[in-house]
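Colleague: Take a look at target-v8.txt, compact mmCIF, C-alpha atoms:
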```txt
# COMPACT_ATOMS: atom_id res chain seq x y z
CA ILE A 859 41.72 16.25 -183.05
CA THR A 860 39.79 16.46 -186.31
CA ARG A 861 41.26 19.65 -187.82
CA ARG A 862 44.66 21.29 -187.86
CA HIS A 863 44.73 25.08 -187.63
CA VAL A 864 47.74 26.41 -189.52
CA ARG A 865 48.56 29.78 -191.08
CA PRO A 866 51.09 30.13 -193.91
CA GLY A 867 53.56 32.94 -193.72
CA PHE A 868 56.98 34.08 -192.61
CA GLY A 869 58.97 32.05 -190.07
CA LEU A 870 58.92 28.46 -188.86
CA PRO A 871 56.09 27.26 -186.56
CA VAL A 872 57.45 25.40 -183.52
CA VAL A 873 56.23 24.16 -180.15
CA VAL A 874 57.68 25.61 -176.96
CA ARG A 875 57.55 23.48 -173.84
CA VAL A 876 57.29 25.70 -170.78
CA ALA A 877 59.49 24.85 -167.82
CA ALA A 878 57.86 26.78 -164.99
CA ASN A 879 59.92 28.27 -162.20
CA ARG A 880 58.51 25.79 -159.71
CA ALA A 881 59.92 27.58 -156.68
CA ALA A 882 58.40 30.97 -157.52
CA ASP A 883 55.18 30.10 -159.37
CA PRO A 884 52.18 30.07 -156.98
CA LEU A 885 50.28 27.93 -159.53
CA ARG A 886 53.08 25.39 -159.97
CA GLN A 887 50.98 22.58 -158.52
CA PHE A 888 48.42 23.05 -161.32
CA ALA A 889 50.86 22.91 -164.25
CA PRO A 890 50.26 19.91 -166.54
CA GLN A 891 52.98 17.31 -166.92
CA ARG A 892 53.78 18.87 -170.29
CA GLN A 893 52.76 22.49 -170.94
CA SER A 894 53.19 23.38 -174.62
CA LEU A 895 52.63 26.68 -176.43
CA ALA A 896 52.63 27.77 -180.08
CA ALA A 897 55.57 29.86 -181.26
CA THR A 898 57.10 30.93 -184.54
CA ALA A 899 60.87 31.00 -185.00
CA VAL A 900 62.00 34.08 -186.93
CA LEU A 901 65.62 34.75 -187.90
CA ARG A 902 66.11 38.52 -187.64
CA PHE A 903 69.03 40.22 -189.41
CA ARG A 904 70.22 43.77 -188.82
CA MET A 905 68.78 45.99 -191.55
CA PRO A 906 71.54 47.80 -193.52
CA GLY A 907 71.53 51.53 -194.02
CA ALA A 908 70.98 52.65 -190.44
CA GLU A 909 74.68 53.23 -189.57
CA ASN A 910 75.99 56.73 -188.97
CA PHE A 911 79.27 57.98 -190.46
CA LEU A 912 81.48 56.69 -187.63
CA GLN A 913 79.78 53.28 -187.60
CA THR A 914 80.23 52.95 -191.35
CA PHE A 915 83.89 53.97 -191.04
CA ALA A 916 84.47 51.41 -188.27
CA GLY A 917 83.00 48.70 -190.51
CA PRO A 918 83.45 45.16 -189.15
CA VAL A 919 84.73 46.46 -185.82
CA TYR A 920 81.34 48.06 -185.14
CA ARG A 921 79.10 45.31 -186.41
CA ASP A 922 77.70 42.72 -183.99
CA HIS A 923 79.56 39.44 -184.19
CA ALA A 924 76.23 37.59 -184.26
CA ALA A 925 75.03 37.31 -187.84
CA ALA A 926 71.37 37.31 -186.77
CA VAL A 927 69.04 37.00 -183.79
CA LEU A 928 66.60 34.09 -183.44
CA ASP A 929 63.25 35.34 -182.12
CA LEU A 930 60.42 33.15 -180.84
CA ALA A 931 57.27 35.12 -181.59
CA ASN A 932 53.79 34.46 -180.22
CA PRO A 933 51.67 33.90 -183.37
CA VAL A 934 48.45 34.41 -181.42
CA GLU A 935 49.45 37.93 -180.39
CA ILE A 936 51.45 38.82 -183.53
CA ALA A 937 49.77 38.45 -186.92
CA ALA A 938 52.49 39.93 -189.15
CA VAL A 939 56.11 41.09 -189.10
CA HIS A 940 57.86 44.10 -190.61
CA ILE A 941 60.66 43.42 -193.11
CA GLY A 942 61.61 46.79 -194.51
CA PRO A 943 58.57 48.04 -196.40
CA ALA A 944 56.97 44.58 -196.48
CA LYS A 945 54.63 43.20 -193.82
CA PRO A 946 54.16 39.45 -194.41
CA HIS A 947 51.89 37.31 -192.22
CA LEU A 948 53.58 35.36 -189.44
CA ALA A 949 53.32 31.60 -189.93
CA ALA A 950 51.53 29.65 -187.20
CA ASP A 951 50.51 26.12 -186.18
CA LEU A 952 47.96 26.49 -183.39
CA THR A 953 47.17 22.76 -183.19
CA ALA A 954 50.73 21.47 -182.70
CA PRO A 955 50.94 22.41 -178.97
CA LEU A 956 47.80 20.40 -178.21
CA LEU A 957 49.16 17.40 -180.10
CA ASP A 958 52.41 17.69 -178.13
CA MET A 959 50.52 17.80 -174.81
CA LEU A 960 48.41 14.80 -175.85
CA ALA A 961 51.56 12.86 -176.69
CA GLY A 962 52.94 13.61 -173.24
CA MET A 963 49.87 12.49 -171.30
CA PRO A 964 50.09 9.26 -169.31
CA LYS A 965 48.19 6.42 -170.94
CA THR A 966 46.36 5.60 -167.72
CA GLY A 967 43.14 7.56 -168.08
CA GLY A 968 39.97 6.19 -169.58
CA ILE A 969 39.33 2.53 -168.88
CA GLU A 970 42.28 1.98 -166.52
CA GLY A 971 41.31 5.01 -164.44
CA PHE A 972 37.79 3.61 -164.30
CA ILE A 973 38.68 0.05 -163.30
CA GLN A 974 41.49 0.92 -160.90
CA PRO A 975 40.88 4.43 -159.55
CA PHE A 976 43.75 5.96 -157.56
CA GLY A 977 45.85 2.98 -158.64
CA ARG A 978 48.93 5.10 -159.39
CA GLY A 979 50.17 8.59 -158.81
CA ASP A 980 49.20 9.81 -162.28
CA THR A 981 45.58 8.73 -161.76
CA GLN A 982 45.03 11.03 -158.79
CA PRO A 983 42.40 13.76 -159.31
CA ARG A 984 44.04 17.00 -160.34
CA LEU A 985 43.19 20.38 -161.81
CA GLU A 986 45.50 21.51 -164.63
CA ILE A 987 45.96 25.00 -166.09
CA LEU A 988 46.96 24.34 -169.70
CA GLU A 989 48.54 27.74 -170.35
CA PRO A 990 50.54 30.09 -168.11
CA HIS A 991 47.95 32.08 -166.18
CA ARG A 992 47.41 35.69 -167.19
CA PRO A 993 45.37 38.05 -164.97
CA GLY A 994 42.21 39.31 -166.63
CA ARG A 995 41.35 36.07 -168.42
CA ILE A 996 38.32 34.05 -167.31
CA PRO A 997 38.98 30.36 -166.54
CA VAL A 998 36.84 27.85 -168.42
CA VAL A 999 37.10 24.50 -166.61
CA PHE A 1000 36.46 21.35 -168.68
CA ILE A 1001 35.41 18.18 -166.78
CA HIS A 1002 35.37 14.82 -168.60
CA GLY A 1003 32.98 11.93 -168.16
CA LEU A 1004 32.98 8.24 -167.29
CA ALA A 1005 35.85 6.05 -168.57
CA SER A 1006 37.47 9.08 -170.20
CA ASP A 1007 40.20 11.63 -169.49
CA GLU A 1008 41.03 15.29 -170.13
CA GLY A 1009 42.30 14.50 -173.64
CA THR A 1010 38.70 14.11 -174.78
CA TRP A 1011 38.39 17.93 -174.68
CA PHE A 1012 41.35 18.66 -176.95
CA ASP A 1013 39.25 18.59 -180.13
CA MET A 1014 37.01 21.35 -178.74
CA LEU A 1015 40.00 23.19 -177.27
CA ASN A 1016 41.66 23.11 -180.68
CA GLU A 1017 38.70 25.00 -182.15
CA LEU A 1018 38.37 27.43 -179.23
CA ARG A 1019 42.08 28.28 -179.18
CA ALA A 1020 41.90 29.20 -182.87
CA TRP A 1021 39.14 31.69 -182.00
CA PRO A 1022 40.73 35.09 -181.16
CA VAL A 1023 38.05 35.96 -178.57
CA PHE A 1024 38.92 32.87 -176.51
CA HIS A 1025 42.62 33.73 -176.48
CA ARG A 1026 42.00 37.30 -175.41
CA ARG A 1027 39.38 36.74 -172.77
CA PHE A 1028 39.52 33.11 -171.54
CA GLU A 1029 41.98 30.41 -170.51
CA PRO A 1030 41.43 26.62 -170.48
CA TRP A 1031 41.63 24.61 -167.27
CA VAL A 1032 40.93 20.85 -167.23
CA PHE A 1033 40.09 18.47 -164.40
CA HIS A 1034 41.41 14.91 -164.53
CA TYR A 1035 40.05 12.20 -162.26
CA PRO A 1036 39.79 8.40 -162.16
CA THR A 1037 36.17 7.93 -163.14
CA GLY A 1038 35.64 4.69 -161.21
CA ALA A 1039 36.34 6.42 -157.91
CA SER A 1040 33.71 7.47 -155.40
CA PHE A 1041 31.62 10.17 -157.07
CA LEU A 1042 31.15 12.45 -154.07
CA GLN A 1043 34.81 12.14 -153.08
CA VAL A 1044 35.94 13.29 -156.54
CA SER A 1045 33.54 16.24 -156.46
CA ALA A 1046 35.01 17.26 -153.10
CA VAL A 1047 38.52 17.15 -154.60
CA LEU A 1048 37.43 19.31 -157.55
CA ARG A 1049 35.90 21.83 -155.14
CA ARG A 1050 39.09 21.95 -153.10
CA GLU A 1051 41.31 22.25 -156.21
CA LEU A 1052 39.26 25.09 -157.68
CA GLN A 1053 39.37 27.02 -154.42
CA ALA A 1054 43.13 26.53 -154.15
CA ALA A 1055 43.79 27.57 -157.77
CA VAL A 1056 41.73 30.75 -157.55
CA ARG A 1057 43.33 31.63 -154.23
CA ALA A 1058 46.86 31.05 -155.60
CA ALA A 1059 46.19 33.02 -158.80
CA ASP A 1060 44.62 35.99 -156.99
CA PRO A 1061 45.42 35.94 -153.25
CA GLN A 1062 44.19 39.54 -152.80
CA GLY A 1063 40.90 38.95 -154.64
CA ARG A 1064 41.50 41.85 -157.05
CA ASP A 1065 41.02 40.10 -160.42
CA PRO A 1066 37.32 40.21 -161.39
CA ALA A 1067 37.89 37.58 -164.09
CA LEU A 1068 38.50 34.95 -161.40
CA GLY A 1069 35.06 35.67 -159.99
CA LYS A 1070 33.38 34.69 -163.28
CA VAL A 1071 34.54 31.08 -163.73
CA VAL A 1072 32.72 28.88 -166.27
CA LEU A 1073 32.38 25.08 -165.87
CA VAL A 1074 31.81 22.78 -168.88
CA GLY A 1075 31.00 19.15 -168.08
CA HIS A 1076 30.46 16.20 -170.40
CA SER A 1077 28.39 13.23 -169.20
CA MET A 1078 29.22 12.48 -165.55
CA GLY A 1079 31.49 15.54 -165.61
CA GLY A 1080 28.33 17.63 -165.75
CA LEU A 1081 27.19 16.11 -162.46
CA HIS A 1082 30.55 17.01 -160.91
CA ALA A 1083 30.09 20.54 -162.25
CA LYS A 1084 26.62 20.79 -160.73
CA LEU A 1085 27.93 19.81 -157.29
CA GLN A 1086 30.20 22.88 -157.39
CA VAL A 1087 27.24 25.27 -157.55
CA VAL A 1088 24.57 23.85 -155.23
CA GLU A 1089 23.81 23.88 -151.51
CA PRO A 1090 22.91 20.28 -150.56
CA GLY A 1091 22.02 20.79 -146.91
CA THR A 1092 21.42 17.24 -145.65
CA ALA A 1093 19.98 15.90 -148.94
CA LEU A 1094 23.05 13.91 -150.00
CA TRP A 1095 23.56 12.36 -146.56
CA ASP A 1096 19.87 11.54 -146.25
CA ALA A 1097 20.17 9.66 -149.55
CA ILE A 1098 22.36 6.99 -147.91
CA ALA A 1099 21.50 7.10 -144.20
CA ASP A 1100 18.51 7.23 -141.86
CA VAL A 1101 20.55 8.66 -138.98
CA PRO A 1102 21.79 12.32 -138.97
CA PHE A 1103 25.49 12.75 -139.65
CA ALA A 1104 26.04 14.32 -136.23
CA GLU A 1105 24.76 11.13 -134.58
CA ILE A 1106 26.84 8.71 -136.65
CA ARG A 1107 29.67 7.06 -134.73
CA LEU A 1108 32.98 7.64 -136.53
CA ARG A 1109 36.54 8.34 -135.53
CA PRO A 1110 37.30 12.10 -135.74
CA LYS A 1111 39.76 11.59 -138.60
CA THR A 1112 37.24 9.52 -140.57
CA ARG A 1113 34.49 12.09 -139.96
CA GLN A 1114 36.79 14.80 -141.29
CA LEU A 1115 37.42 12.78 -144.47
CA VAL A 1116 33.75 11.94 -145.08
CA ALA A 1117 32.06 15.29 -144.39
CA PRO A 1118 33.29 17.33 -147.45
CA GLY A 1119 31.62 14.89 -149.84
CA TYR A 1120 28.16 15.47 -148.35
CA PHE A 1121 28.19 18.95 -146.78
CA PHE A 1122 29.47 22.02 -148.64
CA HIS A 1123 28.52 25.41 -150.07
CA PRO A 1124 28.36 26.55 -153.71
CA LEU A 1125 31.58 28.07 -155.00
CA PRO A 1126 30.96 31.84 -155.08
CA PHE A 1127 33.29 32.44 -158.05
CA VAL A 1128 31.51 30.04 -160.44
CA ASN A 1129 28.51 31.64 -162.13
CA ARG A 1130 27.94 29.65 -165.33
CA VAL A 1131 27.72 25.91 -166.08
CA VAL A 1132 27.35 24.15 -169.44
CA PHE A 1133 25.99 20.58 -169.26
CA ILE A 1134 26.81 18.41 -172.29
CA ALA A 1135 24.98 15.05 -172.51
CA THR A 1136 24.73 14.98 -168.71
CA PRO A 1137 22.62 12.14 -167.24
CA HIS A 1138 20.74 14.15 -164.62
CA ARG A 1139 18.22 11.32 -164.27
CA GLY A 1140 20.60 8.48 -165.01
CA SER A 1141 21.16 6.05 -167.85
CA VAL A 1142 19.31 2.78 -168.34
CA LEU A 1143 22.59 1.17 -169.43
CA ALA A 1144 23.90 1.51 -165.87
CA ALA A 1145 21.02 -0.65 -164.63
CA LEU A 1146 21.40 -3.34 -167.27
CA GLY A 1147 23.74 -6.33 -167.14
CA VAL A 1148 26.59 -4.45 -168.82
CA GLY A 1149 26.31 -1.72 -166.19
CA ARG A 1150 26.29 -4.18 -163.30
CA LEU A 1151 29.30 -5.98 -164.79
CA ALA A 1152 31.17 -2.69 -165.20
CA SER A 1153 30.40 -1.76 -161.59
CA LEU A 1154 31.74 -5.08 -160.33
CA THR A 1155 35.06 -4.59 -162.20
CA VAL A 1156 35.88 -1.41 -160.28
CA ARG A 1157 38.53 -1.87 -157.59
CA GLN A 1158 37.81 0.74 -154.96
CA PRO A 1159 40.75 2.36 -153.14
CA PRO A 1160 41.56 0.43 -149.94
CA GLU A 1161 41.23 3.57 -147.81
CA MET A 1162 37.69 4.19 -149.08
CA GLU A 1163 36.73 0.57 -148.52
CA ALA A 1164 38.09 0.85 -144.96
CA ILE A 1165 36.05 4.01 -144.28
CA HIS A 1166 32.90 2.33 -145.59
CA ALA A 1167 33.52 -0.80 -143.50
CA GLU A 1168 34.14 1.29 -140.38
CA ALA A 1169 30.96 3.32 -140.83
CA VAL A 1170 28.79 0.24 -141.39
CA ARG A 1171 30.37 -1.70 -138.50
CA LEU A 1172 30.02 1.11 -135.95
CA ASN A 1173 26.47 2.04 -137.01
CA PRO A 1174 24.39 -1.09 -137.63
CA GLY A 1175 21.07 -0.35 -139.28
CA ALA A 1176 21.90 3.34 -139.83
CA PHE A 1177 22.42 3.14 -143.60
CA HIS A 1178 20.19 2.26 -146.52
CA PRO A 1179 20.54 -1.40 -147.61
CA ASP A 1180 22.23 -0.65 -150.97
CA TYR A 1181 24.89 1.51 -149.28
CA GLU A 1182 25.32 -0.91 -146.40
CA ARG A 1183 25.89 -3.76 -148.82
CA ARG A 1184 28.86 -2.11 -150.56
CA LEU A 1185 30.46 1.22 -151.39
CA PRO A 1186 28.65 2.58 -154.50
CA THR A 1187 30.71 3.02 -157.67
CA SER A 1188 30.28 5.74 -160.27
CA VAL A 1189 28.24 3.31 -162.40
CA ASP A 1190 25.91 2.64 -159.46
CA LEU A 1191 25.36 6.39 -159.18
CA LEU A 1192 24.16 6.58 -162.81
CA ARG A 1193 21.31 4.11 -162.29
CA PRO A 1194 17.97 5.94 -162.48
CA SER A 1195 17.06 4.33 -159.14
CA SER A 1196 20.15 5.72 -157.37
CA SER A 1197 19.06 7.68 -154.30
CA ILE A 1198 22.18 9.89 -154.52
CA LEU A 1199 21.51 10.71 -158.19
CA GLN A 1200 17.89 11.54 -157.39
CA ALA A 1201 19.03 13.81 -154.56
CA VAL A 1202 21.50 15.60 -156.88
CA GLU A 1203 18.81 16.04 -159.53
CA ARG A 1204 16.51 17.81 -157.06
CA LEU A 1205 19.18 20.34 -156.06
CA ARG A 1206 18.99 23.74 -157.77
CA PRO A 1207 21.84 26.22 -158.30
CA PRO A 1208 21.49 29.67 -156.69
CA CYS A 1209 20.21 32.67 -158.63
CA TRP A 1210 23.68 33.91 -159.59
CA VAL A 1211 24.50 30.73 -161.55
CA THR A 1212 23.34 30.45 -165.18
CA THR A 1213 23.05 26.97 -166.71
CA HIS A 1214 22.90 25.70 -170.30
CA ALA A 1215 22.27 22.24 -171.76
CA VAL A 1216 23.48 20.44 -174.88
CA VAL A 1217 21.53 17.23 -175.54
CA GLY A 1218 22.78 14.52 -177.88
CA VAL A 1219 20.14 12.80 -180.02
CA ALA A 1220 21.61 10.11 -182.26
CA HIS A 1221 18.38 8.11 -182.32
CA HIS A 1222 14.82 9.39 -182.37
CA SER A 1223 12.00 7.47 -180.74
CA LEU A 1224 8.57 7.93 -179.23
CA ALA A 1225 10.31 8.47 -175.88
CA GLY A 1226 12.15 11.49 -177.27
CA GLY A 1227 15.40 10.00 -178.50
CA ASP A 1228 18.81 9.40 -176.95
CA ASP A 1229 22.53 9.53 -177.71
CA CYS A 1230 22.94 5.73 -177.33
CA VAL A 1231 23.76 6.17 -173.63
CA VAL A 1232 21.76 9.03 -172.11
CA PRO A 1233 18.07 9.61 -172.94
CA ALA A 1234 17.23 13.14 -174.05
CA ALA A 1235 14.81 13.43 -171.12
CA SER A 1236 17.67 12.66 -168.72
CA ALA A 1237 19.96 15.25 -170.32
CA HIS A 1238 17.29 17.94 -170.02
CA THR A 1239 18.18 20.45 -167.30
CA ALA A 1240 15.51 22.16 -165.26
CA GLY A 1241 16.15 25.89 -165.11
CA ALA A 1242 18.57 26.06 -168.05
CA VAL A 1243 18.37 29.35 -169.97
CA SER A 1244 19.21 27.56 -173.23
CA GLU A 1245 19.07 24.02 -174.55
CA ILE A 1246 19.99 22.65 -177.98
CA THR A 1247 19.91 19.13 -179.44
CA VAL A 1248 22.88 17.85 -181.42
CA PRO A 1249 22.75 14.87 -183.84
CA ALA A 1250 25.60 12.92 -182.27
CA SER A 1251 26.30 9.88 -180.12
CA HIS A 1252 27.26 10.23 -176.47
CA THR A 1253 31.03 9.97 -177.02
CA ARG A 1254 30.98 12.41 -179.95
CA VAL A 1255 28.50 15.08 -178.87
CA HIS A 1256 31.19 17.37 -177.38
CA HIS A 1257 33.23 17.05 -180.60
CA HIS A 1258 30.33 18.10 -182.83
CA PRO A 1259 30.62 21.49 -184.62
CA GLN A 1260 27.17 22.51 -183.36
CA THR A 1261 28.26 21.93 -179.75
CA ILE A 1262 31.46 23.91 -180.24
CA ALA A 1263 29.51 26.76 -181.85
CA GLU A 1264 27.07 26.70 -178.91
CA VAL A 1265 29.94 26.92 -176.40
CA GLN A 1266 31.31 29.91 -178.32
CA ARG A 1267 27.88 31.56 -178.25
CA ILE A 1268 27.60 30.94 -174.51
CA LEU A 1269 31.05 32.44 -173.87
CA ILE A 1270 30.14 35.56 -175.88
CA GLN A 1271 26.97 35.84 -173.78
CA HIS A 1272 29.10 35.38 -170.65
CA LEU A 1273 31.28 38.32 -171.65
CA ARG A 1274 28.24 40.46 -172.40
CA GLU A 1275 26.71 39.71 -168.99
CA CYS A 1276 30.06 40.46 -167.34
CA GLY A 1277 29.92 43.89 -168.98
CA VAL A 1278 32.91 43.18 -171.24
CA GLY A 1279 32.98 42.81 -175.02
CA PRO A 1280 35.13 40.26 -176.87
CA ASP A 1281 37.86 42.89 -177.28
CA GLY A 1282 38.02 43.38 -173.52
CA VAL A 1283 36.36 46.81 -173.63
CA ALA A 1284 33.50 47.43 -171.23
CA GLY A 1285 30.26 47.71 -173.11
CA ALA A 1286 31.86 46.82 -176.46
CA ALA A 1287 29.53 45.61 -179.18
CA VAL A 1288 29.28 41.86 -179.56
CA PRO A 1289 28.90 40.45 -183.11
```
Could you show the structure in this file as structure tokens?

Modeller:
Amino acid sequence: ITRRHVRPGFGLPVVVRVAANRAADPLRQFAPQRQSLAATAVLRFRMPGAENFLQTFAGPVYRDHAAAVLDLANPVEIAAVHIGPAKPHLAADLTAPLLDMLAGMPKTGGIEGFIQPFGRGDTQPRLEILEPHRPGRIPVVFIHGLASDEGTWFDMLNELRAWPVFHRRFEPWVFHYPTGASFLQVSAVLRRELQAAVRAADPQGRDPALGKVVLVGHSMGGLHAKLQVVEPGTALWDAIADVPFAEIRLRPKTRQLVAPGYFFHPLPFVNRVVFIATPHRGSVLAALGVGRLASLTVRQPPEMEAIHAEAVRLNPGAFHPDYERRLPTSVDLLRPSSSILQAVERLRPPCWVTTHAVVGVAHHSLAGGDDCVVPAASAHTAGAVSEITVPASHTRVHHHPQTIAEVQRILIQHLRECGVGPDGVAGAAVP
């Protein structure tokens, strides 16, 4: 986190760790391991002069035995406090909760989650709602990239949470996954988690905000985001096999596990996607020696290896040679020659989904430049309504102030197209 957002004033800024009522909260399964919120401790004394005659006569007998009351105020909702005729600002530290959540995260994301996906319980894919859910706020789901984790978003979240519009109208959700795991399997888990979270938050389907979800994906996370809003038909299966899925010999349980990765429908409640440095056409690094070495270091989950071995054994000659040889890793997917990546690139979101692109250009060249990992031509998104270039490397592009400002602009546009202004009033003017 590059900046700390603090506000001087009355009271003591603190961090409150939320202990959810796990038995009663329908979203309990999506709470992060440590959910922290900003608060300001204010010691409130009884103001003298308000007693009536009898209370004054009673004196100490009337007065409360407690000398003062300790309040925990929400500094996002409350800007100032009344102290007699004075109205001083309420002190706040909006960055401290994010630092506390970062400190509580398991140190098993990033490289370990890439090399040994699903190695431990805390590396399982999971959707997390960073703040207690409030009806009427639109979820913005942040999806990290290769060899990374959800903590990579906290710099951007720190800036967005200090923006009053975001607090009033949006709430941050993050998706964590071991990036070395099977790409299509992880996308299927994200799809299932999003459906479950929206259903748990609004079982009656009455909250329009939950029908306007925004996805923001960095690097490979953008590809996961895209697979939430497309209709693949048979394109993904055809990318690995020459025999239709219905004709493949598999045990019923195995077929049930495999199918969601290849056959699905776009999520109807997602209608905007922001791609940040997303390799839609791959990265040449994945095809070079370093990419091949990285792919070989990945230890695939035994259950996925068993499914792959079963499919190949029962269906000789049915699969393409590269898939038959071994289960593709996430690095294999990012090779420009990957048949799955090429199939994903050709898919187009439906008309109700709006897409945007942020392209990192740290180096300029005759080929159009790149961010040291993804060429600008690969990060270009066909059909995007907006696209900007940011002078940053691949690992820093989503931290860059221009990217954060672009995300804010997109969210304001999202509110306008939803018919709601930043103050939550239909048709309100947008600055």

Colleague: Which residues, written as a ChimeraX atom specification, have at least one atom at most 6 Å from Gly1080 (chain A), with only C-alpha atoms counted and residues fewer than 4 positions away on the same chain left out?

Modeller: /A:1075-1076,1133,1136

Colleague: Mind checking which residues fall within 12 Å of region 1269-1279 of chain A, counting all atoms listed in the file, ignoring those fewer than 4 positions away in the same chain, and posting them as a ChimeraX atom specification?

Modeller: /A:994-998,1018,1021-1029,1066-1074,1128-1132,1210-1214,1243-1244,1262-1265,1283-1289

Colleague: For CA of Ile1198 (chain A) and CA of Ala1097 (chain A), quote the distance in Å rounded to one decimal.

Modeller: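 We find that CA of Ile1198 (chain A) and CA of Ala1097 (chain A) lie 5.4 Å from each other.
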
Colleague: Show me, as a count of residues only, the residues that have an atom within 9 Å of Leu1085 (chain A) when counting only C-alpha atoms, minus same-chain residues fewer than 4 positions from it.

Modeller: 12

Colleague: Applying 9 Å and all atoms listed in the file, which residues near Ile1246 (chain A) remain after dropping the ones on its own chain fewer than 3 positions away? List them as JSON, numbers by chain.

Modeller: {"A": [1214, 1215, 1216, 1217, 1218, 1260, 1261, 1264]}

Colleague: Atoms are missing here; could region 1047-1061 of chain A be completed with N, CA, C and O atoms and written as a PDB file, in the frame of the given file?

Modeller:
```pdb
ATOM      1  N   VAL A1047      37.162  16.804-154.170  1.00  0.00           N
ATOM      2  CA  VAL A1047      38.520  17.150-154.600  1.00  0.00           C
ATOM      3  C   VAL A1047      38.478  18.292-155.605  1.00  0.00           C
ATOM      4  O   VAL A1047      39.270  19.239-155.523  1.00  0.00           O
ATOM      5  N   LEU A1048      37.554  18.231-156.574  1.00  0.00           N
ATOM      6  CA  LEU A1048      37.430  19.310-157.550  1.00  0.00           C
ATOM      7  C   LEU A1048      37.129  20.633-156.853  1.00  0.00           C
ATOM      8  O   LEU A1048      37.712  21.672-157.185  1.00  0.00           O
ATOM      9  N   ARG A1049      36.247  20.604-155.878  1.00  0.00           N
ATOM     10  CA  ARG A1049      35.900  21.830-155.140  1.00  0.00           C
ATOM     11  C   ARG A1049      37.133  22.397-154.446  1.00  0.00           C
ATOM     12  O   ARG A1049      37.400  23.608-154.487  1.00  0.00           O
ATOM     13  N   ARG A1050      37.884  21.514-153.809  1.00  0.00           N
ATOM     14  CA  ARG A1050      39.090  21.950-153.100  1.00  0.00           C
ATOM     15  C   ARG A1050      40.156  22.484-154.077  1.00  0.00           C
ATOM     16  O   ARG A1050      40.813  23.501-153.815  1.00  0.00           O
ATOM     17  N   GLU A1051      40.317  21.823-155.223  1.00  0.00           N
ATOM     18  CA  GLU A1051      41.310  22.250-156.210  1.00  0.00           C
ATOM     19  C   GLU A1051      40.944  23.608-156.812  1.00  0.00           C
ATOM     20  O   GLU A1051      41.824  24.458-157.007  1.00  0.00           O
ATOM     21  N   LEU A1052      39.678  23.809-157.124  1.00  0.00           N
ATOM     22  CA  LEU A1052      39.260  25.090-157.680  1.00  0.00           C
ATOM     23  C   LEU A1052      39.481  26.228-156.687  1.00  0.00           C
ATOM     24  O   LEU A1052      39.966  27.310-157.052  1.00  0.00           O
ATOM     25  N   GLN A1053      39.150  25.994-155.441  1.00  0.00           N
ATOM     26  CA  GLN A1053      39.370  27.020-154.420  1.00  0.00           C
ATOM     27  C   GLN A1053      40.854  27.348-154.289  1.00  0.00           C
ATOM     28  O   GLN A1053      41.235  28.523-154.207  1.00  0.00           O
ATOM     29  N   ALA A1054      41.694  26.308-154.302  1.00  0.00           N
ATOM     30  CA  ALA A1054      43.130  26.530-154.150  1.00  0.00           C
ATOM     31  C   ALA A1054      43.714  27.264-155.348  1.00  0.00           C
ATOM     32  O   ALA A1054      44.568  28.148-155.192  1.00  0.00           O
ATOM     33  N   ALA A1055      43.259  26.931-156.566  1.00  0.00           N
ATOM     34  CA  ALA A1055      43.790  27.570-157.770  1.00  0.00           C
ATOM     35  C   ALA A1055      43.413  29.039-157.829  1.00  0.00           C
ATOM     36  O   ALA A1055      44.246  29.901-158.140  1.00  0.00           O
ATOM     37  N   VAL A1056      42.165  29.355-157.529  1.00  0.00           N
ATOM     38  CA  VAL A1056      41.730  30.750-157.550  1.00  0.00           C
ATOM     39  C   VAL A1056      42.445  31.553-156.472  1.00  0.00           C
ATOM     40  O   VAL A1056      42.873  32.690-156.699  1.00  0.00           O
ATOM     41  N   ARG A1057      42.623  30.948-155.316  1.00  0.00           N
ATOM     42  CA  ARG A1057      43.330  31.630-154.230  1.00  0.00           C
ATOM     43  C   ARG A1057      44.793  31.875-154.588  1.00  0.00           C
ATOM     44  O   ARG A1057      45.349  32.947-154.317  1.00  0.00           O
ATOM     45  N   ALA A1058      45.448  30.892-155.226  1.00  0.00           N
ATOM     46  CA  ALA A1058      46.860  31.050-155.600  1.00  0.00           C
ATOM     47  C   ALA A1058      47.031  32.065-156.724  1.00  0.00           C
ATOM     48  O   ALA A1058      48.006  32.822-156.747  1.00  0.00           O
ATOM     49  N   ALA A1059      46.075  32.095-157.675  1.00  0.00           N
ATOM     50  CA  ALA A1059      46.190  33.020-158.800  1.00  0.00           C
ATOM     51  C   ALA A1059      45.884  34.454-158.398  1.00  0.00           C
ATOM     52  O   ALA A1059      46.400  35.401-159.006  1.00  0.00           O
ATOM     53  N   ASP A1060      45.051  34.638-157.375  1.00  0.00           N
ATOM     54  CA  ASP A1060      44.620  35.990-156.990  1.00  0.00           C
ATOM     55  C   ASP A1060      44.437  36.060-155.478  1.00  0.00           C
ATOM     56  O   ASP A1060      43.316  36.158-154.968  1.00  0.00           O
ATOM     57  N   PRO A1061      45.538  35.997-154.718  1.00  0.00           N
ATOM     58  CA  PRO A1061      45.420  35.940-153.250  1.00  0.00           C
ATOM     59  C   PRO A1061      44.744  37.170-152.647  1.00  0.00           C
ATOM     60  O   PRO A1061      44.149  37.078-151.574  1.00  0.00           O
TER      61      PRO A1061
END
```
